[in-house]
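The structure under discussion appears below in the form of structure tokens.
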Amino acid sequence: MPATPSETPAVDGVGAVDRPHPVQFFNTMGRAVMPFTPLDGDHVRMYTCGPTVYNHVHIGNLRTFVFEDLLCRTLRFLGYRVTQVMNLTDVDDKTIRGASEANLPLDDFTATYIDSFFNDLDTLQVVRADHYPRATRHIDDMITMIETLVAKEHAYVSDDGSVFFRIASDDDYGRLAGIDPSGLRQGERVASDEYDKESVRDFVLWKAAKDGEPSWNSPWGAGRPGWHIECSAMSVAYLGNSFDIHGGGVDLIFPHHENEIAQTESATGEPFVHTWLHSEHLIVDGAKMSKSLGNQYTLKDLIARGVRPRVLRYLFLQTHYRQKLNFTFDSLGAAAAALRRVDALRHRLGHAPEAADARPAVGEAAETLLREVADALADDLGVPNALAAVFNYVKAINRAIDAGDGPQGLGAGDRQRALDAFDAVDVAFGVFRAEDWPASDGEASDGAGDDGLSDADIDGLLAERQTARAARDFARADEIRVQLTEAGIVIADTPDGPRWRRGD
């Protein structure tokens with residue numbers, strides 16, 4: 001089942017997260033980390049650019065969508081109420097070309113890729129946005145905004161019935177991307193939806209109809225909208241003239257987001273967006289992802305190669321959103337190992353004995369975890385520091401289990417208390433509860449060797465061995481070591497717990 005905002009767990013009662021917690025973000029508008037304050041109390045209104053549904057999204061796109069999911073989850077974890085809108089671009093140059101080549105009506109062509117997109121989101125445990133407006137369902141909103149721009153002389157109609165935005169009418173054009181439009185030659189225009197990143201020209205708002213293309217009636221004749229006006233019209237329709245956050249990938253800063261600002265503020269006369277957040281590119285083995293290099297993967301491609309979606313989500317999360325993410329299959333192995341540490345601890349907690357009386361160690365560790373994760377994520381989504389806090393917590397709880405009935409061991413209710421703290425921070429991460437990831441995605445069987453033991457089997461046996469050792473049941477601990485050794489599993493006991501690998 002897809003995750004929805006209403007299904008996101010609350011953190012009430014945990015006791016360590018302020019509601020709401022102060023936040024700061026790196027605002028692309030100004031290129032600096034700035035305090036973030038919603039325009040409407042603790043309610044954050046947010047627009048994120050969704051896919052152009054002409055093909056299956058690739059992992060570079062998915063990195064951006066997981067970043068946006070982390071942003072929404074973090075704000076909810078920190079006590080804010082979030083309304084998220086994500087558009088679906090179902091009419092532009094690419095979708096029209098794809099539908100024509102497939103000899104399908106536009107709606108039929110894009111439906112396949114819309115379904116594929118939602119399936120990918122659900123597979124990666126991305127919480128559904130509140131609204132997914134489709135461009136073709138909001139043509140009237142776009143026409144209304146274009147009419148306003150023409151009336152205010154920010155736009156003009158060309159001889160063929162197309163409408164262009166007049167960049168010279170916007171004194172602030174270029175401030176998001178840091179581009180100087182002074183070299184613009186009056187009347188120079190571009191009608192393509194996507195164009196050269198250095199091209200500062202009047203851009204198209206409405207394209208006159210062409211033979212064989214879908215079109216809608218307008219005051220300027222039959223035609224269809226340009227790409228940039230779609231997001232302006234839909235964001236205003238759902239979130240109002242001014243809202244809190246607009247997100248997307250760095251590739252959208254110019255021209256798309258720059259053009260959104262120009263046309264929206266020119267139409268409404270009000271500030272458009274308070275905070276702009278952009279995620280960096282994903283690269284593959286140090287190179288730009290491209291079909292020609294054969295390194296452009298979809299989620300389905302990776303699953304077919306045995307990659308677990310949960311591990312891929314963790315890989316996306318662990319690199320800060322403003323840093324390039326270098327995707328390699330070795331890095332997936334490291335991500336899987338990190339998750340195994342969490343899973344092994346959760347398994348140990350399920351079997352660890354508790355003393356009859358309360359002990360302070362787990363409660364103190366849980367409070368530290370929640371405080372440090374909240375502080376890290378509130379500082380421009382500082383995931384590396386937040387994950388460091390998570391794994392410090394893993395060490396602390398393992399030490400408490402190892403302490404047995406000593407004063408630093410588990411007291412009454414500590415097993416559940418320790419798990420509750422994990423679940424509270426997972427409101428933001430969405431990756432630490434293995435039970436949330438269905439076995440059908442390969443989670444249960446991935447990594448199984450000729451010995452017949454899956455990674456999860458081995459982790460479970462090692463967790464049971466740790467519990468036996470803590471209870472001084474050394475006979476059972478030795479039995480488990482022998483069982484694993486005979487299965488070809490090499491075990492190394494370290495201060496951070498046992499490590500294992502399959503023998504050669």
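In the structure tokens, chains take letters A, B, ... by order of appearance, with residues numbered from 1 within each chain and ligands from 1 in the order shown.
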List every residue of range 332-368 of chain A that has an atom at most 12 Å from any atom of range 380-391 of chain A, and for each one report the closest atom pair and its distance in Å to one decimal, counting only C-alpha atoms, with rows sorted by chain and then by increasing residue number, as CSV.
```
residue,atom,partner,partner_atom,distance
A:Ala335,CA,A:Leu387,CA,11.8
A:Ala338,CA,A:Phe391,CA,8.7
A:Leu339,CA,A:Phe391,CA,10.1
A:Arg340,CA,A:Phe391,CA,11.5
A:Arg341,CA,A:Phe391,CA,8.4
A:Val342,CA,A:Phe391,CA,8.0
A:Asp343,CA,A:Phe391,CA,11.8
A:Leu345,CA,A:Phe391,CA,10.5
A:Ala365,CA,A:Ala389,CA,10.0
A:Ala366,CA,A:Val390,CA,9.8
A:Glu367,CA,A:Ala389,CA,11.1
A:Thr368,CA,A:Ala389,CA,8.2
```
For the interface of range 35-102 of chain A with range 225-241 of chain A (cut-off 12 Å, counting only C-alpha atoms), please tabulate each contacting residue of range 35-102 of chain A alongside its nearest pair of atoms and their separation in Å to one decimal, rows sorted by chain and increasing number, as JSON lines.
```
{"residue": "A:Leu39", "atom": "CA", "partner": "A:Gly240", "partner_atom": "CA", "distance": 11.4}
{"residue": "A:Asp40", "atom": "CA", "partner": "A:Leu239", "partner_atom": "CA", "distance": 11.6}
{"residue": "A:His43", "atom": "CA", "partner": "A:Leu239", "partner_atom": "CA", "distance": 11.5}
{"residue": "A:Val44", "atom": "CA", "partner": "A:Leu239", "partner_atom": "CA", "distance": 10.1}
{"residue": "A:Arg45", "atom": "CA", "partner": "A:Leu239", "partner_atom": "CA", "distance": 6.5}
{"residue": "A:Met46", "atom": "CA", "partner": "A:Leu239", "partner_atom": "CA", "distance": 7.7}
{"residue": "A:Tyr47", "atom": "CA", "partner": "A:Ser235", "partner_atom": "CA", "distance": 6.5}
{"residue": "A:Thr48", "atom": "CA", "partner": "A:Ser235", "partner_atom": "CA", "distance": 9.2}
{"residue": "A:Cys49", "atom": "CA", "partner": "A:Cys231", "partner_atom": "CA", "distance": 7.7}
{"residue": "A:Gly50", "atom": "CA", "partner": "A:Cys231", "partner_atom": "CA", "distance": 9.8}
{"residue": "A:Pro51", "atom": "CA", "partner": "A:Cys231", "partner_atom": "CA", "distance": 11.8}
{"residue": "A:Thr52", "atom": "CA", "partner": "A:Trp227", "partner_atom": "CA", "distance": 9.9}
{"residue": "A:Val82", "atom": "CA", "partner": "A:Leu239", "partner_atom": "CA", "distance": 11.4}
{"residue": "A:Thr83", "atom": "CA", "partner": "A:Leu239", "partner_atom": "CA", "distance": 8.5}
{"residue": "A:Gln84", "atom": "CA", "partner": "A:Leu239", "partner_atom": "CA", "distance": 8.9}
{"residue": "A:Val85", "atom": "CA", "partner": "A:Ser235", "partner_atom": "CA", "distance": 7.4}
{"residue": "A:Met86", "atom": "CA", "partner": "A:Ser235", "partner_atom": "CA", "distance": 8.7}
{"residue": "A:Asn87", "atom": "CA", "partner": "A:Cys231", "partner_atom": "CA", "distance": 7.1}
{"residue": "A:Leu88", "atom": "CA", "partner": "A:Cys231", "partner_atom": "CA", "distance": 9.3}
{"residue": "A:Thr89", "atom": "CA", "partner": "A:Trp227", "partner_atom": "CA", "distance": 7.9}
{"residue": "A:Asp90", "atom": "CA", "partner": "A:Trp227", "partner_atom": "CA", "distance": 9.8}
{"residue": "A:Val91", "atom": "CA", "partner": "A:Trp227", "partner_atom": "CA", "distance": 7.8}
{"residue": "A:Asp92", "atom": "CA", "partner": "A:Trp227", "partner_atom": "CA", "distance": 6.0}
{"residue": "A:Asp93", "atom": "CA", "partner": "A:Trp227", "partner_atom": "CA", "distance": 8.4}
{"residue": "A:Lys94", "atom": "CA", "partner": "A:Trp227", "partner_atom": "CA", "distance": 10.4}
{"residue": "A:Thr95", "atom": "CA", "partner": "A:Trp227", "partner_atom": "CA", "distance": 11.1}
```
Hey, can you check how far CA of Arg73 in chain A sits from CA of Phe429 in chain A?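 CA of Phe429 in chain A lies 7.3 Å from CA of Arg73 in chain A.
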Mind checking DSSP for range 279-346 of chain A and telling me the helix (DSSP H, G or I) residues as a PyMOL selection string? chain A and resi 299-304+309-318+329-346
Any chance you can output those residues with N, CA, C and O atoms as a compact mmCIF listing (two decimals), in the first residue's frame?
```txt
# COMPACT_ATOMS: atom_id res chain seq x y z
N LEU A 299 14.52 1.85 -11.60
CA LEU A 299 14.37 1.02 -10.41
C LEU A 299 14.15 -0.44 -10.80
O LEU A 299 14.72 -1.36 -10.19
N LYS A 300 13.38 -0.65 -11.83
CA LYS A 300 13.14 -2.03 -12.29
C LYS A 300 14.44 -2.69 -12.73
O LYS A 300 14.67 -3.88 -12.46
N ASP A 301 15.32 -1.94 -13.41
CA ASP A 301 16.61 -2.49 -13.82
C ASP A 301 17.40 -3.00 -12.61
O ASP A 301 17.98 -4.09 -12.64
N LEU A 302 17.43 -2.19 -11.56
CA LEU A 302 18.23 -2.54 -10.39
C LEU A 302 17.63 -3.71 -9.63
O LEU A 302 18.35 -4.59 -9.16
N ILE A 303 16.31 -3.73 -9.51
CA ILE A 303 15.66 -4.86 -8.83
C ILE A 303 15.95 -6.16 -9.57
O ILE A 303 16.21 -7.20 -8.96
N ALA A 304 15.96 -6.09 -10.92
CA ALA A 304 16.26 -7.28 -11.71
C ALA A 304 17.68 -7.77 -11.47
O ALA A 304 17.98 -8.95 -11.66
N PRO A 309 15.14 -2.52 -2.84
CA PRO A 309 14.71 -1.12 -2.79
C PRO A 309 15.04 -0.43 -1.48
O PRO A 309 15.38 0.76 -1.47
N ARG A 310 14.94 -1.14 -0.38
CA ARG A 310 15.26 -0.54 0.92
C ARG A 310 16.72 -0.07 0.97
O ARG A 310 17.03 1.00 1.50
N VAL A 311 17.62 -0.87 0.41
CA VAL A 311 19.03 -0.51 0.38
C VAL A 311 19.24 0.70 -0.52
O VAL A 311 20.02 1.61 -0.21
N LEU A 312 18.55 0.74 -1.65
CA LEU A 312 18.68 1.88 -2.56
C LEU A 312 18.19 3.15 -1.88
O LEU A 312 18.82 4.22 -2.00
N ARG A 313 17.07 3.07 -1.16
CA ARG A 313 16.58 4.26 -0.45
C ARG A 313 17.63 4.75 0.55
O ARG A 313 17.89 5.95 0.63
N TYR A 314 18.22 3.82 1.30
CA TYR A 314 19.23 4.22 2.27
C TYR A 314 20.42 4.88 1.56
O TYR A 314 20.96 5.89 2.04
N LEU A 315 20.82 4.33 0.43
CA LEU A 315 21.93 4.92 -0.33
C LEU A 315 21.59 6.35 -0.75
O LEU A 315 22.43 7.26 -0.65
N PHE A 316 20.37 6.58 -1.21
CA PHE A 316 19.95 7.94 -1.58
C PHE A 316 20.01 8.88 -0.37
O PHE A 316 20.40 10.04 -0.50
N LEU A 317 19.60 8.38 0.78
CA LEU A 317 19.49 9.23 1.96
C LEU A 317 20.84 9.62 2.54
O LEU A 317 21.00 10.73 3.08
N GLN A 318 21.83 8.74 2.47
CA GLN A 318 23.03 8.93 3.28
C GLN A 318 23.94 10.06 2.77
O GLN A 318 24.78 10.55 3.53
N PHE A 329 27.82 -0.07 -7.37
CA PHE A 329 27.28 -1.28 -6.75
C PHE A 329 28.03 -1.60 -5.45
O PHE A 329 27.46 -2.19 -4.53
N ASP A 330 29.28 -1.17 -5.35
CA ASP A 330 29.98 -1.32 -4.07
C ASP A 330 29.33 -0.48 -2.99
O ASP A 330 29.23 -0.91 -1.83
N SER A 331 28.88 0.72 -3.35
CA SER A 331 28.23 1.57 -2.35
C SER A 331 26.92 0.96 -1.89
O SER A 331 26.51 1.14 -0.73
N LEU A 332 26.25 0.22 -2.74
CA LEU A 332 25.04 -0.49 -2.32
C LEU A 332 25.37 -1.55 -1.28
O LEU A 332 24.62 -1.75 -0.32
N GLY A 333 26.51 -2.22 -1.45
CA GLY A 333 26.92 -3.21 -0.47
C GLY A 333 27.16 -2.59 0.89
O GLY A 333 26.77 -3.15 1.93
N ALA A 334 27.79 -1.41 0.91
CA ALA A 334 28.02 -0.72 2.19
C ALA A 334 26.71 -0.29 2.82
O ALA A 334 26.54 -0.36 4.04
N ALA A 335 25.75 0.16 1.99
CA ALA A 335 24.45 0.56 2.52
C ALA A 335 23.72 -0.64 3.12
O ALA A 335 23.09 -0.55 4.18
N ALA A 336 23.81 -1.79 2.45
CA ALA A 336 23.17 -2.99 2.97
C ALA A 336 23.79 -3.40 4.31
O ALA A 336 23.07 -3.81 5.23
N ALA A 337 25.11 -3.26 4.43
CA ALA A 337 25.77 -3.61 5.69
C ALA A 337 25.31 -2.70 6.82
O ALA A 337 25.12 -3.15 7.96
N ALA A 338 25.12 -1.41 6.53
CA ALA A 338 24.64 -0.49 7.56
C ALA A 338 23.25 -0.88 8.04
O ALA A 338 22.97 -0.88 9.25
N LEU A 339 22.38 -1.25 7.12
CA LEU A 339 21.03 -1.65 7.51
C LEU A 339 21.05 -2.96 8.30
O LEU A 339 20.22 -3.16 9.19
N ARG A 340 21.98 -3.84 7.96
CA ARG A 340 22.06 -5.09 8.72
C ARG A 340 22.38 -4.83 10.19
O ARG A 340 21.91 -5.55 11.07
N ARG A 341 23.19 -3.81 10.46
CA ARG A 341 23.50 -3.47 11.85
C ARG A 341 22.23 -3.08 12.61
O ARG A 341 22.03 -3.48 13.76
N VAL A 342 21.37 -2.32 11.95
CA VAL A 342 20.12 -1.92 12.59
C VAL A 342 19.21 -3.13 12.78
O VAL A 342 18.63 -3.34 13.85
N ASP A 343 19.08 -3.94 11.73
CA ASP A 343 18.20 -5.10 11.80
C ASP A 343 18.66 -6.09 12.88
O ASP A 343 17.84 -6.65 13.61
N ALA A 344 19.97 -6.27 12.97
CA ALA A 344 20.49 -7.20 13.98
C ALA A 344 20.17 -6.70 15.39
O ALA A 344 19.82 -7.49 16.27
N LEU A 345 20.29 -5.39 15.60
CA LEU A 345 19.96 -4.85 16.92
C LEU A 345 18.48 -5.02 17.23
O LEU A 345 18.11 -5.42 18.35
N ARG A 346 17.64 -4.74 16.28
CA ARG A 346 16.20 -4.90 16.52
C ARG A 346 15.88 -6.36 16.85
O ARG A 346 15.04 -6.65 17.70
```
Every residue of range 202-360 of chain A that DSSP places in strand (DSSP E), as a ChimeraX atom specification: /A:202-208,223-225,243-249,273-279,282-284,287-288,325-327
Could you turn the residues from that selection into a file that holds N, CA and C atoms, as a short mmCIF file (atom, residue, chain, number, x, y, z; two decimals), in the first residue's frame?
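again.cif, freshly written:
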```cif
data_model
loop_
_atom_site.label_atom_id
_atom_site.label_comp_id
_atom_site.auth_asym_id
_atom_site.auth_seq_id
_atom_site.Cartn_x
_atom_site.Cartn_y
_atom_site.Cartn_z
N ASP A 202 13.15 35.66 -24.57
CA ASP A 202 11.73 35.59 -24.28
C ASP A 202 11.26 34.14 -24.48
N PHE A 203 10.52 33.63 -23.50
CA PHE A 203 10.15 32.22 -23.57
C PHE A 203 8.65 32.08 -23.80
N VAL A 204 8.28 30.93 -24.35
CA VAL A 204 6.92 30.72 -24.80
C VAL A 204 6.00 30.36 -23.63
N LEU A 205 4.83 30.99 -23.60
CA LEU A 205 3.78 30.68 -22.64
C LEU A 205 2.69 29.83 -23.27
N TRP A 206 2.40 30.11 -24.53
CA TRP A 206 1.36 29.39 -25.26
C TRP A 206 1.85 29.14 -26.67
N LYS A 207 1.77 27.90 -27.13
CA LYS A 207 2.25 27.52 -28.46
C LYS A 207 1.08 27.34 -29.41
N ALA A 208 1.14 28.01 -30.53
CA ALA A 208 0.09 27.85 -31.54
C ALA A 208 0.04 26.40 -32.00
N GLY A 223 -4.14 25.88 -29.45
CA GLY A 223 -2.73 25.68 -29.11
C GLY A 223 -2.60 24.89 -27.82
N ARG A 224 -1.43 24.97 -27.23
CA ARG A 224 -1.20 24.27 -25.96
C ARG A 224 -0.14 25.04 -25.16
N PRO A 225 -0.11 24.80 -23.84
CA PRO A 225 0.79 25.61 -23.00
C PRO A 225 2.25 25.24 -23.18
N PHE A 243 3.89 30.90 -1.29
CA PHE A 243 3.96 29.72 -0.42
C PHE A 243 5.40 29.51 0.04
N ASP A 244 5.62 28.45 0.83
CA ASP A 244 6.84 28.35 1.62
C ASP A 244 8.04 27.78 0.89
N ILE A 245 7.87 26.63 0.24
CA ILE A 245 9.01 25.90 -0.31
C ILE A 245 8.70 25.45 -1.73
N HIS A 246 9.69 25.60 -2.60
CA HIS A 246 9.64 24.99 -3.94
C HIS A 246 10.91 24.16 -4.07
N GLY A 247 10.77 22.90 -4.44
CA GLY A 247 11.92 22.00 -4.53
C GLY A 247 12.04 21.36 -5.89
N GLY A 248 13.24 20.83 -6.13
CA GLY A 248 13.51 20.13 -7.38
C GLY A 248 14.99 19.86 -7.51
N GLY A 249 15.40 19.36 -8.67
CA GLY A 249 16.81 19.13 -8.94
C GLY A 249 17.50 20.39 -9.41
N VAL A 273 7.82 32.43 -3.91
CA VAL A 273 8.28 31.34 -3.04
C VAL A 273 9.24 31.90 -2.00
N HIS A 274 9.08 31.43 -0.76
CA HIS A 274 9.93 31.86 0.35
C HIS A 274 11.30 31.20 0.30
N THR A 275 11.34 29.87 0.09
CA THR A 275 12.59 29.11 0.15
C THR A 275 12.67 28.14 -1.03
N TRP A 276 13.80 28.20 -1.74
CA TRP A 276 14.05 27.30 -2.87
C TRP A 276 15.10 26.26 -2.45
N LEU A 277 14.77 24.97 -2.62
CA LEU A 277 15.69 23.88 -2.29
C LEU A 277 15.94 23.03 -3.53
N HIS A 278 17.20 22.76 -3.81
CA HIS A 278 17.56 21.99 -4.99
C HIS A 278 18.56 20.90 -4.64
N SER A 279 18.33 19.69 -5.13
CA SER A 279 19.23 18.57 -4.89
C SER A 279 20.20 18.42 -6.05
N LEU A 282 22.82 12.89 -9.46
CA LEU A 282 23.35 11.56 -9.22
C LEU A 282 24.25 11.21 -10.40
N ILE A 283 25.45 10.70 -10.10
CA ILE A 283 26.34 10.22 -11.14
C ILE A 283 26.56 8.72 -10.91
N VAL A 284 27.07 8.04 -11.91
CA VAL A 284 27.25 6.58 -11.83
C VAL A 284 28.71 6.26 -12.08
N ALA A 287 30.78 9.04 -13.41
CA ALA A 287 30.47 9.63 -14.72
C ALA A 287 29.02 10.07 -14.77
N LYS A 288 28.76 11.05 -15.62
CA LYS A 288 27.38 11.50 -15.82
C LYS A 288 26.55 10.35 -16.36
N LEU A 325 25.77 12.56 -5.67
CA LEU A 325 25.75 11.19 -5.17
C LEU A 325 26.37 10.30 -6.23
N ASN A 326 27.46 9.62 -5.88
CA ASN A 326 28.11 8.70 -6.82
C ASN A 326 27.57 7.30 -6.59
N PHE A 327 26.73 6.85 -7.50
CA PHE A 327 26.12 5.52 -7.40
C PHE A 327 27.10 4.47 -7.92
#
```
Please report the interatomic distance between CA of Met29 in chain A and CA of Gly178 in chain A in Å with one decimal.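 Calculated distance between CA of Met29 in chain A and CA of Gly178 in chain A is 9.1 Å.
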One number please: CA of Glu147 in chain A to CA of Val163 in chain A, in Å, one decimal.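 Pair CA of Glu147 in chain A / CA of Val163 in chain A returns 9.7 Å.
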Residues near Leu461 in chain A, cut-off 7 Å, only C-alpha atoms, skip fewer than 4 positions along chain, as a PyMOL selection string: chain A and resi 457+465+480
Keeping only C-alpha atoms, write those residues as an mmCIF file, in the first residue's frame.
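Full text of result_36.cif as output:
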```cif
data_model
loop_
_atom_site.group_PDB
_atom_site.id
_atom_site.type_symbol
_atom_site.label_atom_id
_atom_site.label_comp_id
_atom_site.auth_asym_id
_atom_site.auth_seq_id
_atom_site.Cartn_x
_atom_site.Cartn_y
_atom_site.Cartn_z
ATOM 1 C CA ASP A 457 19.125 -15.619 8.569
ATOM 2 C CA ARG A 465 24.464 -15.707 19.709
ATOM 3 C CA ILE A 480 25.627 -21.060 16.652
#
```
Would you mind telling me which residue in A:Ala209, A:Val307, A:Leu78, A:Ala434 lies nearest to Ala376 in chain A when using only C-alpha atoms? A:Leu78
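Using only C-alpha atoms, the shortest contact distance between Thr136 in chain A and any of A:Leu106, A:Ile179, A:Ile261, A:Val190 is found at A:Leu106.
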Which residue, A:Arg399, A:His256, A:His138, A:Arg415, has the smallest gap to Gln466 in chain A when you use only C-alpha atoms? A:Arg399
Spatial neighbours of Ile397 in chain A, 9 Å, only C-alpha atoms, chain gap at least 3 places, as a list of chain:residue names: A:Leu345, A:Leu349, A:Ala361, A:Val362, A:Ala365, A:Asn392, A:Tyr393, A:Val394, A:Ala400, A:Ile401, A:Asp402, A:Gly409, A:Leu410, A:Ala418
Print the selection's residues with all heavy atoms to a file, as a CSV table (one decimal), in the first residue's frame.
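And here is the file that came out, out.csv:
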```
chain,number,residue,atom,x,y,z
A,345,LEU,N,20.3,-5.4,15.6
A,345,LEU,CA,20.0,-4.8,16.9
A,345,LEU,C,18.5,-5.0,17.2
A,345,LEU,O,18.1,-5.4,18.3
A,345,LEU,CB,20.3,-3.4,17.0
A,345,LEU,CG,19.9,-2.7,18.3
A,345,LEU,CD1,20.6,-3.4,19.5
A,345,LEU,CD2,20.3,-1.2,18.3
A,349,LEU,N,17.0,-7.0,20.4
A,349,LEU,CA,16.0,-6.4,21.4
A,349,LEU,C,14.8,-7.3,21.6
A,349,LEU,O,14.3,-7.4,22.7
A,349,LEU,CB,15.6,-5.0,20.9
A,349,LEU,CG,16.6,-3.9,21.2
A,349,LEU,CD1,16.2,-2.6,20.4
A,349,LEU,CD2,16.6,-3.6,22.7
A,361,ALA,N,20.0,3.6,31.4
A,361,ALA,CA,20.9,3.7,30.2
A,361,ALA,C,20.1,3.9,28.9
A,361,ALA,O,20.4,4.7,28.0
A,361,ALA,CB,21.7,2.4,30.1
A,362,VAL,N,19.0,3.1,28.7
A,362,VAL,CA,18.3,3.1,27.4
A,362,VAL,C,17.5,4.4,27.3
A,362,VAL,O,17.5,5.0,26.2
A,362,VAL,CB,17.3,1.9,27.3
A,362,VAL,CG1,16.4,2.0,26.2
A,362,VAL,CG2,18.1,0.6,27.2
A,365,ALA,N,19.9,7.1,26.3
A,365,ALA,CA,20.3,6.9,24.9
A,365,ALA,C,19.2,7.3,23.9
A,365,ALA,O,19.5,7.9,22.9
A,365,ALA,CB,20.7,5.5,24.7
A,392,ASN,N,25.5,5.6,16.7
A,392,ASN,CA,25.9,5.8,18.1
A,392,ASN,C,24.9,5.1,19.0
A,392,ASN,O,25.2,4.5,20.0
A,392,ASN,CB,26.1,7.2,18.5
A,392,ASN,CG,27.4,7.8,17.9
A,392,ASN,OD1,28.4,7.0,17.5
A,392,ASN,ND2,27.5,9.1,17.7
A,393,TYR,N,23.6,5.3,18.6
A,393,TYR,CA,22.5,4.7,19.4
A,393,TYR,C,22.6,3.2,19.3
A,393,TYR,O,22.4,2.4,20.3
A,393,TYR,CB,21.2,5.2,18.9
A,393,TYR,CG,20.0,4.7,19.6
A,393,TYR,CD1,19.7,5.1,20.9
A,393,TYR,CD2,19.1,3.8,18.9
A,393,TYR,CE1,18.5,4.6,21.5
A,393,TYR,CE2,18.0,3.4,19.6
A,393,TYR,CZ,17.7,3.7,20.8
A,393,TYR,OH,16.6,3.3,21.5
A,394,VAL,N,22.9,2.7,18.1
A,394,VAL,CA,23.0,1.2,17.9
A,394,VAL,C,24.1,0.7,18.9
A,394,VAL,O,23.9,-0.4,19.5
A,394,VAL,CB,23.3,0.9,16.5
A,394,VAL,CG1,23.7,-0.6,16.3
A,394,VAL,CG2,22.2,1.2,15.6
A,400,ALA,N,24.1,-1.9,26.2
A,400,ALA,CA,23.1,-2.2,27.3
A,400,ALA,C,22.6,-3.7,27.3
A,400,ALA,O,22.5,-4.3,28.4
A,400,ALA,CB,21.9,-1.3,27.1
A,401,ILE,N,22.5,-4.2,26.1
A,401,ILE,CA,22.1,-5.7,26.1
A,401,ILE,C,23.2,-6.5,26.6
A,401,ILE,O,23.0,-7.5,27.4
A,401,ILE,CB,21.7,-6.1,24.6
A,401,ILE,CG1,20.5,-5.3,24.2
A,401,ILE,CG2,21.5,-7.6,24.5
A,401,ILE,CD1,20.1,-5.5,22.7
A,402,ASP,N,24.5,-6.2,26.2
A,402,ASP,CA,25.6,-6.9,26.7
A,402,ASP,C,25.8,-6.9,28.2
A,402,ASP,O,26.4,-7.8,28.8
A,402,ASP,CB,26.9,-6.5,26.0
A,402,ASP,CG,26.9,-6.8,24.5
A,402,ASP,OD1,26.2,-7.7,24.1
A,402,ASP,OD2,27.7,-6.1,23.7
A,409,GLY,N,22.4,-2.1,32.1
A,409,GLY,CA,21.6,-3.1,31.2
A,409,GLY,C,20.2,-2.6,31.0
A,409,GLY,O,19.8,-1.5,31.2
A,410,LEU,N,19.4,-3.5,30.5
A,410,LEU,CA,18.0,-3.2,30.1
A,410,LEU,C,17.2,-3.4,31.4
A,410,LEU,O,17.2,-4.4,32.1
A,410,LEU,CB,17.5,-4.2,29.1
A,410,LEU,CG,18.2,-4.2,27.7
A,410,LEU,CD1,17.4,-5.1,26.8
A,410,LEU,CD2,18.2,-2.8,27.1
A,418,ALA,N,13.4,1.3,23.6
A,418,ALA,CA,14.5,1.4,22.6
A,418,ALA,C,13.9,1.3,21.2
A,418,ALA,O,14.3,2.1,20.3
A,418,ALA,CB,15.5,0.2,22.8
```
Please identify all polymer residues within 9 Å of Gly60 in chain A, counting only C-alpha atoms, omitting same-chain residues fewer than 5 positions from it, and present them as a ChimeraX atom specification. /A:281-283,289,296-298
For the residues in that selection, give me C-alpha atoms as a PDB file, in the first residue's frame.
```
ATOM      1  CA  HIS A 281      22.893  15.290  -9.540  1.00  0.00           C
ATOM      2  CA  LEU A 282      23.351  11.561  -9.221  1.00  0.00           C
ATOM      3  CA  ILE A 283      26.338  10.216 -11.140  1.00  0.00           C
ATOM      4  CA  MET A 289      24.475   9.121 -16.292  1.00  0.00           C
ATOM      5  CA  GLN A 296      21.285   4.882 -16.888  1.00  0.00           C
ATOM      6  CA  TYR A 297      19.225   2.634 -14.621  1.00  0.00           C
ATOM      7  CA  THR A 298      15.564   2.488 -13.691  1.00  0.00           C
TER       8      THR A 298
END
```
Using only C-alpha atoms, which residues sit within 8 Å of Arg502 in chain A once same-chain residues fewer than 3 positions away are excluded, as a list in words?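 Using only C-alpha atoms, the neighbours found are Gly488, Ile489 and Val490 of chain A.
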For Phe118 in chain A, which of A:Leu62, A:Ala475, A:Ala32, A:Val425 is the closest residue, counting only C-alpha atoms? A:Leu62
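Among the candidates A:Pro22, A:Gly98, A:Pro133, A:Pro38, the residue lying nearest to Thr110 in chain A is A:Gly98 (atoms considered: only C-alpha atoms).
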Pick from A:Phe25, A:Trp220, A:Phe474, A:Trp437: nearest to Gly161 in chain A, with only C-alpha atoms counted? A:Trp220
